[in-house]
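Take a look at the structure below.
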2 protein chains.
Amino acid sequence: MNVSEKAARAKEASYILAALAPETKDRALNAMACAMRVHADEILAANQLDLQEAKRAVEEGKMKTALYERLKLTREKLETVIKGVEELVELPDPVGRVLAATELDEGMSLYKISCPIGLIGVIFEARPDVVPQIAALAVKSGNAVMLKGGREALHTNDALAKTIQNALASVPGYPADALQLIHTREESAQMLALDQYFDLIIPRGGNALIAYVKANTKIPVLGHADGVCHIYVAPSAELETACRICVDAKTQYPSACNTVETLLLDERWPETYQRELLSTLVKNGVTLYADQSIAALAPVAGPVEDWHTEYGEKKISVKRVKNVLEAVEHINRYGSHHTDCILTQEHDEAQIFMDLVDSAGVYHNASTRFADGYRYGFGAEVGISTGKTHARGPVGLEGLTIYKYKLYGNGQIVADYVGASAKPFTHKKIGSKE
Amino acid sequence: MNVSEKAARAKEASYILAALAPETKDRALNAMACAMRVHADEILAANQLDLQEAKRAVEEGKMKTALYERLKLTREKLETVIKGVEELVELPDPVGRVLAATELDEGMSLYKISCPIGLIGVIFEARPDVVPQIAALAVKSGNAVMLKGGREALHTNDALAKTIQNALASVPGYPADALQLIHTREESAQMLALDQYFDLIIPRGGNALIAYVKANTKIPVLGHADGVCHIYVAPSAELETACRICVDAKTQYPSACNTVETLLLDERWPETYQRELLSTLVKNGVTLYADQSIAALAPVAGPVEDWHTEYGEKKISVKRVKNVLEAVEHINRYGSHHTDCILTQEHDEAQIFMDLVDSAGVYHNASTRFADGYRYGFGAEVGISTGKTHARGPVGLEGLTIYKYKLYGNGQIVADYVGASAKPFTHKKIGSKE
C-alpha cells in the first residue's frame, strides 16, 4: 500500500474511532500492553538489529554516541512504556465530554461535545519508545495515526507497530487501519502533501525537522521549535531559593527543552548575592557567557553571541536588567515562548511578569523543568507546543481532541427567527446532560 | 511604515493588550462606537467614493452587481454595526478565565488561564462592515490585529480604520498600535510571510482566497473553504417537518455557507412523501439535479456532475440512499465537514448519524441555517471553521483566545521529584481562584 492508500484507510477508520465506546478503547490499550509483554523478546531482538547497524555507524563516525544510546530499548525501558500504556486506561475518556450546553429556544438545544481530531501524522526521530506512547495516546483519544519513525530504528519500530496492530485487530469493533507506519523520507513528504486526509501533523525532534515540516505542508502543525527559557531574579529574591532553582533548571537535565538558557539578574539584587549565585552555578559545572559587568563578579567564558541561543548543555547566558519590565521585554523578544520564571518575594511583581510574559508557562519561584505533561498531571504528553493556537505548553490527551456542535431540534427553521416578527432566541445555559 | 514595521509594532502592542483590565477594553469598545457615530458622515462620504468607482466598474463590466451591493454602507447598516460593537461590552471578558487549577504538590499550584492569541491577520473581501466587527472582537479578546480589506472598499476601510484608531488612541492605557490596516496584495503577501510576528491568519472570503492563503503561509489559518451541507431524510421523517426544513435550508439565504446543497433521501421513506418534498422545493424555485430514480418523481434539470458542488443558489443535488450508514458515508466523503442534518423520529438513529458524521455541526430536525455565531449565542462571530484544530464551527470570542499556564511555587525543584526517593505529585484539583 502506498502512503495515500494507507492515509485513506486510516481516515475511514477515524470516523469509526470517533464513535467507539470508552470500554472498547480501554480494551484496546490493555490488548496493546499485553501483546508487547508477550512479544517482548521479538521486539528486543529487532532492537538488537538496529543497534548492530547503529554501532557500525558510530564506529564509522556516521552516528553520534548519544543517538545510539537513545536507540537502545532495554527490557526495563519497555516495561516502563507498557506501564504507561496501562496507566492511560485509568484516565477519564477525553471524548464525549459536554463542554457547553445552551437552549437556543424551547425545544432546540445546542451541545458542544469533545471529539477526536481525526487523522494525525507524527514524525519522530530515533526513539523507538515513541511508537507505543503515541499509539496509546491515539487509542485513548480516538484518533487514527500515521507514524513516521527514524530510519535508524526501522526494525524496532516495525516490530512494535506490528505487535500493536495485531493487538488492536484482536479487539472486537476496533478498526484495524487506525494505526499506520511509514519509514522513508519520501513517504514522509507524501504524507505532508495529503491535506485532504490529515488533520494535524506533530513533528517531534530538533529545530530542523520542525522547520522542514512547517515549510512543507498546509496541514496544521503542533510542536515547538526552540526552548529558550529564562529565569529573572528580582530584587527581593531569596539567595538560597535562587541558587537551588537555577542549578536545577540548568543542570538537572541540560538537553531538555525546559532547561533555562538565560539568566536575567536585576541589578538591584545585592551584589554579594549575584556573586554567590554565579559561583554556585560555576561550581555545578556551568559555563557562563556574559559581558564585563558580570565578568567582574564571576569567571566568564566570553560574551553572549546570540540571545536566542539554546545551549542544551551546561552553559548559560547571563544579563543584568534594570527592572521587571526590562526582563519582560528581553524575554518576549529573545525567548521562544516556552517557559519563563521570576524569582521574587513580591506578589504584585510576579503578577506583572506572569501577565506580560507571552509564554506557554510563566512561573513564580519554581524550576522551569516542571514544564512537562507528566508533572502537570496530564498522565502523558504528546509534545510541548509553543504555538498560540489549539494547544499550548505540554499537550496531553485533551490536546488531541476538538469538539463538534450537536443541535437537537423539533422542526425549527431560521425564517422564524429573522425579520420584523422574529422569534427571540433564549440562549439559556442548560445542565450538562446530553 | 512598511508591513513588517507595522507588524512589529502591533506585536509589541499585543503584549500590553494581554494584560489590560476588562474595563479598559470595554472603554475602548465604547470609544469606538461613539467615534463611529460622530464621524458617520465622513465614513459614508468615503463609502460614496468607493461606490462611484465601483459603479463605473460595473458599467464597464469589470465588477458584478452583487459585489457593488455588498460594498454599500448605509446609515442603518452602520448603526447596526455600531450596536453590535456596543453589545460586546455586555459580554463577559473571555480573557483571564481559570480553565483548570491543580495543586501539583503542597505549596505549588498550576493554573490554566485563558489569554489572547496575540497578533492576528484578517484578510477579507469587499465588505466594509468587517472592519469595525473584527476590530471590536479583537479589542474584547485582547488581540492585536492587522486588517487587509478589498481594494474596492479602500476609502471606506480607511475612514473606518482611522476613526477606530483615533478612538482607541484616546483611551488611557490602550496601545495605539493594536490595530493596523493594509491595502494591497503585495502587502498581504508580505503579511503572510511574517510568521515571526503573526500567530493566526483568518481569511474571510471565497474558496480561492482561502486556498491561496493556506498555500502561502506557515502561520496557522482559521477558516472554511466550502460549505457543502447535507440533509438526510430518514424513513421515519415527518413530511411537513421535512418540507419546512428543506425549504428553509435551501432558500432562506441561498448564498450562505450553511445552506443545504445535497438532499439524501432514504429509499424507504414513502414515495408519496418523496414526491411531495421534491415538488415543494420546485414550487419554491429550487432546481433539482439528480439521476433517473429521482426524475421519475419530480422534474430534474440534469444529473449531478460533482457531489462536492456548492451551488450557492437555488439548486440542489438529490440522491437516494439505502440507510443512515450510506448517508453518513456519502457526507463524510463528499461533504465539507461544515453542518449536516438528519430528519428522523428515531432518537437512536439520530445518535448514530451525529456520532459518525465528521462535521462541525451535526443537527437533528433543525435547519442547517442555524450554524451561525449569533444564533449559537456567541454574540458575534469571526468566521466559521471547518478545520479540526483550535476552533470548529462558528467562532466567537472564545476562538480568539488560547491559554497560558501559571505556576506558583515556593522554591520547588525537579530534582526532588525524580529518582529513587522522589517526592510524589499530589495532582489535586483545586477551586477556581487564581
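Letters for chains follow the order of the C-alpha cells (A, B, ...), residue numbers begin at 1 for each chain, and ligand numbers begin at 1 in the order shown.
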
Legend entry - Every residue of segment 103-213 of chain B that DSSP places in strand (DSSP E), as JSON, numbers by chain: {"B": [103, 104, 105, 108, 109, 110, 111, 112, 113, 114, 115, 116, 119, 120, 121, 122, 123, 124, 144, 145, 146, 147, 148, 179, 180, 181, 182, 200, 201, 202, 203, 204]}

Include C-alpha atoms and write out the residues we just selected as an mmCIF file, in the first residue's frame.
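Result file is result-v8.cif:
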```cif
data_model
loop_
_atom_site.group_PDB
_atom_site.id
_atom_site.type_symbol
_atom_site.label_atom_id
_atom_site.label_comp_id
_atom_site.auth_asym_id
_atom_site.auth_seq_id
_atom_site.Cartn_x
_atom_site.Cartn_y
_atom_site.Cartn_z
ATOM 1 C CA GLU B 103 -2.194 21.521 43.131
ATOM 2 C CA LEU B 104 0.998 19.807 41.940
ATOM 3 C CA ASP B 105 2.280 19.494 45.496
ATOM 4 C CA MET B 108 2.955 24.501 44.238
ATOM 5 C CA SER B 109 -0.139 25.240 42.133
ATOM 6 C CA LEU B 110 -0.741 25.278 38.394
ATOM 7 C CA TYR B 111 -3.419 27.495 36.803
ATOM 8 C CA LYS B 112 -4.540 27.281 33.193
ATOM 9 C CA ILE B 113 -5.699 30.794 32.339
ATOM 10 C CA SER B 114 -7.340 31.968 29.123
ATOM 11 C CA CYS B 115 -5.398 34.681 27.298
ATOM 12 C CA PRO B 116 -5.395 36.376 23.888
ATOM 13 C CA LEU B 119 -1.369 39.183 16.672
ATOM 14 C CA ILE B 120 -3.982 38.104 14.134
ATOM 15 C CA GLY B 121 -4.073 38.937 10.429
ATOM 16 C CA VAL B 122 -7.513 39.128 8.831
ATOM 17 C CA ILE B 123 -7.938 39.184 5.068
ATOM 18 C CA PHE B 124 -11.392 39.969 3.775
ATOM 19 C CA ALA B 144 -3.747 42.964 18.107
ATOM 20 C CA VAL B 145 -4.958 42.771 14.543
ATOM 21 C CA MET B 146 -3.846 43.674 11.050
ATOM 22 C CA LEU B 147 -6.687 44.058 8.562
ATOM 23 C CA LYS B 148 -6.357 43.659 4.813
ATOM 24 C CA LEU B 179 -4.989 47.953 15.034
ATOM 25 C CA GLN B 180 -3.276 48.150 11.655
ATOM 26 C CA LEU B 181 -4.686 48.383 8.162
ATOM 27 C CA ILE B 182 -3.047 47.345 4.903
ATOM 28 C CA LEU B 200 -3.045 33.365 13.269
ATOM 29 C CA ILE B 201 -4.443 34.311 9.876
ATOM 30 C CA ILE B 202 -8.192 34.461 9.264
ATOM 31 C CA PRO B 203 -9.187 34.697 5.603
ATOM 32 C CA ARG B 204 -12.827 35.650 5.077
#
```

May I ask you to extract the residues of chain B within 7 Å of chain A, using only C-alpha atoms, and to give them as an mmCIF file with C-alpha atoms, in the first residue's frame?
```
data_model
loop_
_atom_site.group_PDB
_atom_site.id
_atom_site.type_symbol
_atom_site.label_atom_id
_atom_site.label_comp_id
_atom_site.auth_asym_id
_atom_site.auth_seq_id
_atom_site.Cartn_x
_atom_site.Cartn_y
_atom_site.Cartn_z
ATOM 1 C CA TYR B 15 1.857 42.084 24.921
ATOM 2 C CA ILE B 16 0.251 45.112 26.559
ATOM 3 C CA ALA B 18 -2.839 40.726 27.090
ATOM 4 C CA ALA B 19 -2.585 42.390 30.483
ATOM 5 C CA LEU B 104 0.998 19.807 41.940
ATOM 6 C CA ILE B 117 -3.746 34.660 20.927
ATOM 7 C CA ASP B 199 0.022 33.935 15.437
ATOM 8 C CA LYS B 214 -3.133 28.188 3.033
ATOM 9 C CA ALA B 215 -0.653 27.611 0.237
ATOM 10 C CA LYS B 218 3.453 28.955 7.636
ATOM 11 C CA PRO B 220 -1.886 28.813 11.308
ATOM 12 C CA THR B 241 -41.136 18.968 9.006
ATOM 13 C CA ILE B 245 -36.709 22.477 6.975
ATOM 14 C CA ASP B 248 -35.620 26.974 4.811
ATOM 15 C CA GLN B 252 -33.840 31.286 3.141
ATOM 16 C CA MET B 354 -24.497 12.642 14.904
ATOM 17 C CA ASP B 355 -21.642 10.479 16.236
ATOM 18 C CA LEU B 356 -20.429 9.247 12.845
ATOM 19 C CA ASP B 358 -17.465 14.215 10.984
ATOM 20 C CA SER B 359 -18.728 17.782 10.779
ATOM 21 C CA ALA B 360 -18.511 20.913 12.883
ATOM 22 C CA GLY B 361 -22.288 20.851 13.258
ATOM 23 C CA VAL B 362 -24.494 17.744 13.309
ATOM 24 C CA TYR B 363 -28.198 18.522 13.529
ATOM 25 C CA HIS B 364 -31.329 16.598 14.393
ATOM 26 C CA ASN B 365 -34.580 18.018 12.985
ATOM 27 C CA ALA B 366 -33.456 21.632 12.501
ATOM 28 C CA SER B 367 -32.385 23.759 9.554
ATOM 29 C CA ARG B 369 -29.019 27.633 8.554
ATOM 30 C CA PHE B 370 -28.762 27.824 12.365
ATOM 31 C CA TYR B 376 -25.470 29.932 18.796
ATOM 32 C CA GLY B 377 -25.390 32.729 21.370
ATOM 33 C CA LYS B 388 -10.201 20.190 13.114
ATOM 34 C CA THR B 389 -7.820 22.086 15.378
ATOM 35 C CA HIS B 390 -8.163 25.122 17.663
ATOM 36 C CA ARG B 392 -14.532 24.398 14.933
ATOM 37 C CA ILE B 402 -5.762 30.455 23.965
ATOM 38 C CA TYR B 403 -4.346 29.837 27.423
ATOM 39 C CA LYS B 404 -1.139 30.037 29.388
ATOM 40 C CA TYR B 405 -0.045 28.032 32.397
ATOM 41 C CA LYS B 406 0.800 30.000 35.537
ATOM 42 C CA LEU B 407 2.742 28.019 38.090
ATOM 43 C CA TYR B 408 3.139 29.358 41.616
ATOM 44 C CA GLY B 409 5.790 27.710 43.779
ATOM 45 C CA ASN B 410 7.882 28.475 46.787
ATOM 46 C CA GLY B 411 11.248 27.199 45.689
ATOM 47 C CA GLN B 412 10.423 23.752 44.250
ATOM 48 C CA ILE B 413 12.991 21.995 42.083
ATOM 49 C CA VAL B 414 12.526 18.987 39.817
ATOM 50 C CA ALA B 415 15.451 17.085 41.339
ATOM 51 C CA HIS B 427 -2.233 16.493 41.346
#
```

Inset, instruction - Tell me, in Å to one decimal, how far atom CA of Leu67 of chain B is from atom CA of Ala193 of chain B. - result: 28.7 Å

Legend entry - Residue neighbourhood Leu277 of chain A, 12 Å, only C-alpha atoms, exclusion window fewer than 4 positions, as a ChimeraX atom specification: /A:233,237-247,263-265,269-273,281-284,286,288,294,297-298,318

Which of segment 343-427 of chain A DSSP labels alpha helix (DSSP H), written as a PDB file with C-alpha atoms, in the first residue's frame:
```
ATOM      1  CA  HIS A 347       3.387  39.005  44.660  1.00  0.00           C
ATOM      2  CA  ASP A 348       2.459  42.058  42.566  1.00  0.00           C
ATOM      3  CA  GLU A 349       5.762  41.978  40.715  1.00  0.00           C
ATOM      4  CA  ALA A 350       5.195  38.284  39.990  1.00  0.00           C
ATOM      5  CA  GLN A 351       1.745  39.101  38.585  1.00  0.00           C
ATOM      6  CA  ILE A 352       3.174  41.747  36.250  1.00  0.00           C
ATOM      7  CA  PHE A 353       5.763  39.279  34.995  1.00  0.00           C
ATOM      8  CA  MET A 354       3.242  36.465  34.571  1.00  0.00           C
ATOM      9  CA  ASP A 355       0.708  38.641  32.766  1.00  0.00           C
ATOM     10  CA  LEU A 356       3.177  40.323  30.423  1.00  0.00           C
ATOM     11  CA  GLY A 373       2.862  16.767  30.796  1.00  0.00           C
ATOM     12  CA  TYR A 374       3.513  14.141  33.438  1.00  0.00           C
ATOM     13  CA  ARG A 375       4.439  16.730  36.080  1.00  0.00           C
ATOM     14  CA  TYR A 376       1.382  18.822  35.166  1.00  0.00           C
TER      15      TYR A 376
END
```

Inset, instruction - Would you kindly return, as a PyMOL selection string, each protein, DNA or RNA residue with an atom no farther than 9 Å from any atom of Asp158 of chain B, considering only C-alpha atoms and excluding same-chain residues fewer than 4 positions away? - result: chain B and resi 43+46+153-154+162-163+181

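One finds atom CA of Ala178 of chain A at 5.3 Å from atom CA of Ala13 of chain A.
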
Legend entry - Polymer residues at most 10 Å from Asp26 of chain A, only C-alpha atoms, same-chain spacing of 4 or more positions, as a list in words: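 The neighbour list is Ala21, Pro22, Asn30, Ala31, Met32, Val85, Glu86, Leu88, Val89, Glu90, Leu91, Asp93, Ala136, Val139 and Lys140 of chain A.
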
Inset, instruction - Take atom CA of Ser421 of chain B and atom CA of Glu381 of chain A and report the distance between them in Å, one decimal. - result: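 Here the two named atoms are 23.3 Å from each other.
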